[in-house]
Amino acid sequence: MRIHGFSNSIELSIVATSVLQFALTAKAQDYSCDLQQDNCPTKEDEVCDQNSSCGAFSDCYDCNIETCHQLSFDCEGCLNAEGCYWCPGDAQCYNSDSYGTYPPDYISLAGKQHRMKKMDRVTECPLPEDFFSGQTSEVSMCQKSVNEQFRDPLYDSGHWAYKMINVLPVWEQGYTGKGVRVRVNDDGVDADHVEISDKYDDEGSCTIAGASNRWYDASHGTKVASTIAGSANNGACSMGIAHQATISSCNLFEYIEGSPEVLVEKLDYFDISNNSWQNTVCHPNDLSGRKLAQLFQGQCPFQSTASSNPCEICDFEFSLSVDCENAIYKHCGASYTYQEDSLACNEYSHILIDSCQYQIFRDFQVNEVEKGVQFGREGKGAIYVVAAGNYYNLGVDVNMDRITNTRYTIAVGAVDKNENHASYSNPGAALFVTAPGGDVESRMNLPAAKVGGGCTDSSHGTSFAAPVVTGVIALILEANPTLTWRDVQRIIASTSRMVEDDNDDTRMVNDAGYQHSNLYGFGIIDAEKAVSAALMWKNLPPEGTFIWQSGKLNLPIIDDPNDTLELQATLYRSDVTIESITVELDLEHISRGDLDVTLTSPSGVVSKLHQGGQQEQLSIGTGNGWQLMTLKNLGETATGTWTLSIRDTKAGSLGECSDMHYLISDFAFVGCRALAISACRNGEMNQNYWNRLSFDHPLRLARDPQTGLTFEESCCACGGGRRADNGPNALRSWKLVIAGHGDGSSSVSLMRGGIWLFAISMVVPLIFALG
């Protein structure tokens, strides 16, 4: 997934020799390799050694990357090379047909006893007979496919995902996304790639659509675009989910800091907006710059059986040593073991996380998306698909970011090849749906287009689960173009397949029969069921929004994990069917990340809105509500008593002060974390930094329009902010915002404590005070 300002795309290493030159000379060299007889003393060090102790290429495990592996994604080139083997499910070329069984203990090794290596990962060719080779098979074997309809050379490597989402019957019915327009907001798209060129809409794209002059090279966006709509049967790579859809592009990273309106730029030119990026919510800690943990009295809380378990190193009856901290950092930083020990890892989140900044871009982005669903597709609403994020092992939840916890977007999580929750995928009560996004353990995830031509591995991430969902939505809209954005959401919620995961304690079934899980949303998207439902779908009545407000409370939030603040709201005479619930909290707390927030519905459905134990340290100003959303009550009635519970999970605070809210025109800072290192030094303003800014720079002149504070006054690291002992930890007020629809027979439904606002063919922007 592309994180704003950073790249995490993964490309396979390619040596300088070109594939063409290699293919022409390969027959002169036999690259056969016997992994079991590899006696090189430096084997498995990821360095191809050709010295006297190993002999030429006898370090065959490590040398694969310089021999056969450079012909990966090129089946014919692989089979024309002496001693090379082709695994169709991996789309990889190997110098042995034994990589499915070597190393034999890779499962216990991967990510636990040592750092996982590329060649340690699971292959889709577990047995020697699963490989193709030039010695045993004709090159025509490259055309062999598990599907007779499509002959794309890398089809087999993506078949696992096509099968998982049940898209094959949809293609057989002739639905391919034709006529549906998809906008890819990313780092650009290679419009000349053969997988994209015949469907690229230059006129409908933004001013900056491809690679820019910065380091963004369009590799991520090109992979995303080909996952959505890569061409079929063109002799290149494999096809996208909606392989006849139209693609337009915006290089979002050239715009997003100052111009979130790019999310609706040329709104008339797209039906679906794919957003495989995320605002930075939590910053990972620098291993060398951490403060030691506080005293922890008691037994070791870690339960994992992995050899990295910190219990073997730490003495939890005393202050933690540097070695102990390093062990916790390593153990919890690995997504494999974090899943097994998430509760214990959350106890020591300060070891993993430097700081968190919830909902950092606030209403800027969401306001633009709201315009898209209001005016896009001639009033039916553009559909916004967003990646849920890849920081599960930092405890990040989709409710921490406004772009993923608004009802206007579809937040997409990822599952691995075994249909289990992907170890990196962000969870939450606002998570909408999941799709195949690959996993760290596999050697190949999804085949994708490579910038400049050729094919590559998509890598793993919710970045690539999101375009799978986007592709399915294109199929849905081709089947029924009259659907509104809300109809599309309800179809997906109604037809997705819930995962039966015994380790998932968040899965529930509500009174309306909908299943939801914080790990899987409404389940894995099912293309056939969704398209079938779309063909028979009757559009929902217009949307309305009910607001219940508590009024002024000023109730203390006690700094004690054993004390829970519990409040209730009772709604009467409601005929509204719920589509989403948003809780807006007006509170002040020195360590907001410590708060556990839960909403219980009249039907008894419990939504964990925030789990607590995070390094989020922002004092929210008056009027800056903290918004948390749940989808778990979809289809239920709003009538009855709702219970809000707030508990401070940790005694004490994170530090001496917290950042105050600071937000100005072209910049969106919550607090000052984004600039603290550069702008401040030892608690004071760093004049070297400020002297580099022009005299009229906004950071020099502006005051936050709501708090009246300057940057220095708002920033804890610069000597400002709110002192830990200054002001109460209190809930000032709260409100329930219930979006849904009535039965269509009445436009007004009055309830005690609130008002029902009914929208005719449009959403109601007035009711959201976005925070």
# chains A, B, ... in the order shown; residues from 1 in each chain; ligands from 1
$ residues_around --residues "stretch 677-689 of chain A" --least-positions-apart "4" --cutoff "6 Å" --atoms "only C-alpha atoms" --output "MDAnalysis selection string"
chainID A and resid 717:719
$ closest_residue --among "A:Asp34, A:Asp45, A:Asp156, A:Glu66" --to "A:Cys87" --atoms "only C-alpha atoms"
A:Asp156
$ residues_around --residues "A:Ser607" --least-positions-apart "4" --cutoff "8 Å" --atoms "only C-alpha atoms" --output "list of chain:residue names"
A:Ala429, A:Thr598, A:Leu599, A:Thr600, A:Thr630, A:Lys632
$ write_last_selection --atoms "N, CA and C atoms" --output "mmCIF file, in the first residue's frame"
data_model
loop_
_atom_site.group_PDB
_atom_site.id
_atom_site.type_symbol
_atom_site.label_atom_id
_atom_site.label_comp_id
_atom_site.auth_asym_id
_atom_site.auth_seq_id
_atom_site.Cartn_x
_atom_site.Cartn_y
_atom_site.Cartn_z
ATOM 1 N N ALA A 429 -14.372 -1.573 13.287
ATOM 2 C CA ALA A 429 -15.824 -1.632 13.163
ATOM 3 C C ALA A 429 -16.312 -0.909 11.917
ATOM 4 N N THR A 598 -16.532 2.066 23.392
ATOM 5 C CA THR A 598 -17.417 1.000 22.935
ATOM 6 C C THR A 598 -18.841 1.520 22.819
ATOM 7 N N LEU A 599 -19.536 1.094 21.768
ATOM 8 C CA LEU A 599 -20.955 1.429 21.599
ATOM 9 C C LEU A 599 -21.752 0.128 21.561
ATOM 10 N N THR A 600 -22.797 0.056 22.401
ATOM 11 C CA THR A 600 -23.670 -1.118 22.434
ATOM 12 C C THR A 600 -25.057 -0.697 21.967
ATOM 13 N N THR A 630 -19.307 2.785 13.054
ATOM 14 C CA THR A 630 -19.519 1.344 13.033
ATOM 15 C C THR A 630 -20.531 0.988 11.947
ATOM 16 N N LYS A 632 -21.714 -2.256 12.097
ATOM 17 C CA LYS A 632 -22.227 -3.514 12.633
ATOM 18 C C LYS A 632 -23.746 -3.529 12.802
#
$ atom_distance --atom1 "atom CA of A:Gln70" --atom2 "atom CA of A:Ala449"
16.5 Å
$ residues_around --residues "A:Thr406" --least-positions-apart "5" --cutoff "12 Å" --atoms "only C-alpha atoms" --output "CSV table (one decimal) with C-alpha atoms, in the first residue's frame"
chain,number,residue,atom,x,y,z
A,359,GLN,CA,-7.8,11.8,11.4
A,362,ARG,CA,-9.9,15.8,9.0
A,363,ASP,CA,-12.7,17.2,6.8
A,365,GLN,CA,-10.6,14.9,2.1
A,366,VAL,CA,-14.0,13.8,3.3
A,367,ASN,CA,-15.7,17.0,2.2
A,368,GLU,CA,-14.4,16.4,-1.3
A,369,VAL,CA,-15.5,12.7,-1.3
A,370,GLU,CA,-18.9,13.9,-0.1
A,373,VAL,CA,-21.1,11.0,-3.9
A,384,TYR,CA,-15.0,5.7,-3.6
A,385,VAL,CA,-12.9,2.6,-2.7
A,386,VAL,CA,-10.1,3.1,-0.2
A,398,VAL,CA,-9.6,2.1,10.2
A,399,ASN,CA,-11.4,4.3,12.7
A,400,MET,CA,-8.2,6.3,13.2
A,401,ASP,CA,-8.4,7.9,9.8
A,411,ALA,CA,-12.7,0.6,3.2
A,429,ALA,CA,-15.8,-1.6,13.2
A,430,ALA,CA,-15.8,0.7,10.1
A,431,LEU,CA,-14.1,-1.9,7.8
A,432,PHE,CA,-16.4,-2.6,4.9
A,579,GLU,CA,-26.9,2.1,7.2
A,580,SER,CA,-24.2,3.4,9.4
A,581,ILE,CA,-23.7,4.8,12.9
A,582,THR,CA,-21.2,7.6,13.7
A,583,VAL,CA,-20.4,8.6,17.3
A,627,GLN,CA,-15.6,10.8,15.0
A,628,LEU,CA,-15.8,7.0,15.2
A,629,MET,CA,-18.0,4.8,12.9
A,630,THR,CA,-19.5,1.3,13.0
A,631,LEU,CA,-21.2,-0.7,10.3
A,737,VAL,CA,-25.3,10.4,13.9
A,739,ALA,CA,-27.5,7.5,8.5
A,768,PHE,CA,-21.7,16.4,9.8
A,770,LEU,CA,-16.3,16.5,10.7
A,771,GLY,CA,-13.4,16.0,13.0
$ residues_around --residues "stretch 126-130 of chain A" --least-positions-apart "4" --cutoff "10 Å" --atoms "only C-alpha atoms" --output "PyMOL selection string"
chain A and resi 85-89+96-102+122+136
$ atom_distance --atom1 "atom CA of A:Glu636" --atom2 "atom CA of A:Lys380"
24.1 Å
$ select_by_dssp --residues "stretch 363-580 of chain A" --states "helix (DSSP H, G or I)" --output "VMD selection string"
chain A and resid 363 to 379 392 to 394 398 to 400 462 to 479 485 to 495 527 to 535
$ select_by_dssp --residues "stretch 190-322 of chain A" --states "strand (DSSP E or B)" --output "list in words"
Tyr200, Thr246, Ile247, Ser248, Ser249, Cys250, Asn251, Ile272, Ser273, Asn274, Asn275, Trp277, Gln278, Cys282, His283 and Pro284 of chain A
$ atom_distance --atom1 "atom CA of A:His283" --atom2 "atom CA of A:Ala388"
16.3 Å
$ residues_around --residues "stretch 247-252 of chain A" --least-positions-apart "6" --cutoff "8 Å" --atoms "only C-alpha atoms" --output "VMD selection string"
chain A and resid 181 to 189 196 199 to 202 204 to 212 225 229 262 270
$ residues_around --residues "A:Val606" --least-positions-apart "2" --cutoff "12 Å" --atoms "only C-alpha atoms" --output "PyMOL selection string"
chain A and resi 429+505-510+516-518+597-604+608-610+630-633+642-645
$ write_last_selection --atoms "N, CA and C atoms" --output "PDB file, in the first residue's frame"
ATOM      1  N   ALA A 429     -14.372  -1.573  13.287  1.00  0.00           N
ATOM      2  CA  ALA A 429     -15.824  -1.632  13.163  1.00  0.00           C
ATOM      3  C   ALA A 429     -16.312  -0.909  11.917  1.00  0.00           C
ATOM      4  N   ASP A 505     -12.824 -13.005  17.387  1.00  0.00           N
ATOM      5  CA  ASP A 505     -13.849 -12.810  18.414  1.00  0.00           C
ATOM      6  C   ASP A 505     -14.680 -11.555  18.155  1.00  0.00           C
ATOM      7  N   THR A 506     -14.512 -10.935  16.999  1.00  0.00           N
ATOM      8  CA  THR A 506     -15.293  -9.740  16.671  1.00  0.00           C
ATOM      9  C   THR A 506     -16.452 -10.048  15.725  1.00  0.00           C
ATOM     10  N   ARG A 507     -16.522 -11.286  15.237  1.00  0.00           N
ATOM     11  CA  ARG A 507     -17.586 -11.636  14.290  1.00  0.00           C
ATOM     12  C   ARG A 507     -18.918 -11.744  15.012  1.00  0.00           C
ATOM     13  N   MET A 508     -19.970 -11.179  14.410  1.00  0.00           N
ATOM     14  CA  MET A 508     -21.299 -11.216  15.010  1.00  0.00           C
ATOM     15  C   MET A 508     -22.351 -11.204  13.907  1.00  0.00           C
ATOM     16  N   VAL A 509     -23.571 -11.571  14.295  1.00  0.00           N
ATOM     17  CA  VAL A 509     -24.728 -11.486  13.402  1.00  0.00           C
ATOM     18  C   VAL A 509     -25.741 -10.578  14.078  1.00  0.00           C
ATOM     19  N   ASN A 510     -26.162  -9.507  13.391  1.00  0.00           N
ATOM     20  CA  ASN A 510     -27.091  -8.571  14.036  1.00  0.00           C
ATOM     21  C   ASN A 510     -28.543  -8.983  13.793  1.00  0.00           C
ATOM     22  N   HIS A 516     -20.829  -9.227  10.493  1.00  0.00           N
ATOM     23  CA  HIS A 516     -19.730  -8.269  10.368  1.00  0.00           C
ATOM     24  C   HIS A 516     -18.609  -8.675  11.312  1.00  0.00           C
ATOM     25  N   SER A 517     -17.395  -8.407  10.878  1.00  0.00           N
ATOM     26  CA  SER A 517     -16.211  -8.704  11.668  1.00  0.00           C
ATOM     27  C   SER A 517     -15.239  -7.533  11.546  1.00  0.00           C
ATOM     28  N   ASN A 518     -14.548  -7.209  12.633  1.00  0.00           N
ATOM     29  CA  ASN A 518     -13.540  -6.158  12.565  1.00  0.00           C
ATOM     30  C   ASN A 518     -12.365  -6.549  11.684  1.00  0.00           C
ATOM     31  N   VAL A 597     -13.180   2.870  23.744  1.00  0.00           N
ATOM     32  CA  VAL A 597     -14.510   3.409  23.444  1.00  0.00           C
ATOM     33  C   VAL A 597     -15.361   2.324  22.812  1.00  0.00           C
ATOM     34  N   THR A 598     -16.532   2.066  23.392  1.00  0.00           N
ATOM     35  CA  THR A 598     -17.417   1.000  22.935  1.00  0.00           C
ATOM     36  C   THR A 598     -18.841   1.520  22.819  1.00  0.00           C
ATOM     37  N   LEU A 599     -19.536   1.094  21.768  1.00  0.00           N
ATOM     38  CA  LEU A 599     -20.955   1.429  21.599  1.00  0.00           C
ATOM     39  C   LEU A 599     -21.752   0.128  21.561  1.00  0.00           C
ATOM     40  N   THR A 600     -22.797   0.056  22.401  1.00  0.00           N
ATOM     41  CA  THR A 600     -23.670  -1.118  22.434  1.00  0.00           C
ATOM     42  C   THR A 600     -25.057  -0.697  21.967  1.00  0.00           C
ATOM     43  N   SER A 601     -25.569  -1.415  20.985  1.00  0.00           N
ATOM     44  CA  SER A 601     -26.857  -1.061  20.377  1.00  0.00           C
ATOM     45  C   SER A 601     -28.016  -1.636  21.175  1.00  0.00           C
ATOM     46  N   PRO A 602     -29.245  -1.216  20.891  1.00  0.00           N
ATOM     47  CA  PRO A 602     -30.411  -1.792  21.577  1.00  0.00           C
ATOM     48  C   PRO A 602     -30.525  -3.301  21.386  1.00  0.00           C
ATOM     49  N   SER A 603     -30.004  -3.813  20.283  1.00  0.00           N
ATOM     50  CA  SER A 603     -30.072  -5.258  20.028  1.00  0.00           C
ATOM     51  C   SER A 603     -28.956  -6.023  20.720  1.00  0.00           C
ATOM     52  N   GLY A 604     -28.047  -5.309  21.370  1.00  0.00           N
ATOM     53  CA  GLY A 604     -26.947  -5.962  22.074  1.00  0.00           C
ATOM     54  C   GLY A 604     -25.674  -6.092  21.262  1.00  0.00           C
ATOM     55  N   LYS A 608     -16.543  -2.161  19.049  1.00  0.00           N
ATOM     56  CA  LYS A 608     -15.329  -1.595  19.626  1.00  0.00           C
ATOM     57  C   LYS A 608     -14.864  -0.491  18.680  1.00  0.00           C
ATOM     58  N   LEU A 609     -15.065   0.757  19.093  1.00  0.00           N
ATOM     59  CA  LEU A 609     -14.743   1.897  18.243  1.00  0.00           C
ATOM     60  C   LEU A 609     -13.286   2.319  18.368  1.00  0.00           C
ATOM     61  N   HIS A 610     -12.715   2.106  19.536  1.00  0.00           N
ATOM     62  CA  HIS A 610     -11.303   2.388  19.758  1.00  0.00           C
ATOM     63  C   HIS A 610     -10.841   1.530  20.915  1.00  0.00           C
ATOM     64  N   THR A 630     -19.307   2.785  13.054  1.00  0.00           N
ATOM     65  CA  THR A 630     -19.519   1.344  13.033  1.00  0.00           C
ATOM     66  C   THR A 630     -20.531   0.988  11.947  1.00  0.00           C
ATOM     67  N   LEU A 631     -20.293  -0.157  11.318  1.00  0.00           N
ATOM     68  CA  LEU A 631     -21.209  -0.700  10.312  1.00  0.00           C
ATOM     69  C   LEU A 631     -21.949  -1.926  10.838  1.00  0.00           C
ATOM     70  N   LYS A 632     -21.714  -2.256  12.097  1.00  0.00           N
ATOM     71  CA  LYS A 632     -22.227  -3.514  12.633  1.00  0.00           C
ATOM     72  C   LYS A 632     -23.746  -3.529  12.802  1.00  0.00           C
ATOM     73  N   ASN A 633     -24.387  -2.384  12.717  1.00  0.00           N
ATOM     74  CA  ASN A 633     -25.841  -2.322  12.908  1.00  0.00           C
ATOM     75  C   ASN A 633     -26.602  -2.167  11.595  1.00  0.00           C
ATOM     76  N   TRP A 642     -29.184   3.084  23.417  1.00  0.00           N
ATOM     77  CA  TRP A 642     -27.793   2.935  22.995  1.00  0.00           C
ATOM     78  C   TRP A 642     -26.897   3.286  24.167  1.00  0.00           C
ATOM     79  N   THR A 643     -25.832   2.504  24.371  1.00  0.00           N
ATOM     80  CA  THR A 643     -24.940   2.716  25.506  1.00  0.00           C
ATOM     81  C   THR A 643     -23.529   3.002  25.016  1.00  0.00           C
ATOM     82  N   LEU A 644     -22.982   4.122  25.444  1.00  0.00           N
ATOM     83  CA  LEU A 644     -21.602   4.506  25.143  1.00  0.00           C
ATOM     84  C   LEU A 644     -20.754   4.278  26.385  1.00  0.00           C
ATOM     85  N   SER A 645     -19.639   3.587  26.219  1.00  0.00           N
ATOM     86  CA  SER A 645     -18.734   3.309  27.341  1.00  0.00           C
ATOM     87  C   SER A 645     -17.343   3.837  27.004  1.00  0.00           C
TER      88      SER A 645
END
$ closest_residue --among "A:Val264, A:Val531, A:Ile473, A:Cys455" --to "A:Leu71" --atoms "only C-alpha atoms"
A:Cys455
$ closest_residue --among "A:Ala435, A:Cys715, A:Cys345, A:Val224" --to "A:Ile524" --atoms "only C-alpha atoms"
A:Ala435
$ closest_residue --among "A:Ile738, A:His421, A:Tyr391, A:His661" --to "A:Glu543" --atoms "only C-alpha atoms"
A:Ile738
$ closest_residue --among "A:Cys142, A:Ile578, A:Met239, A:Ile353" --to "A:Tyr514" --atoms "only C-alpha atoms"
A:Ile578
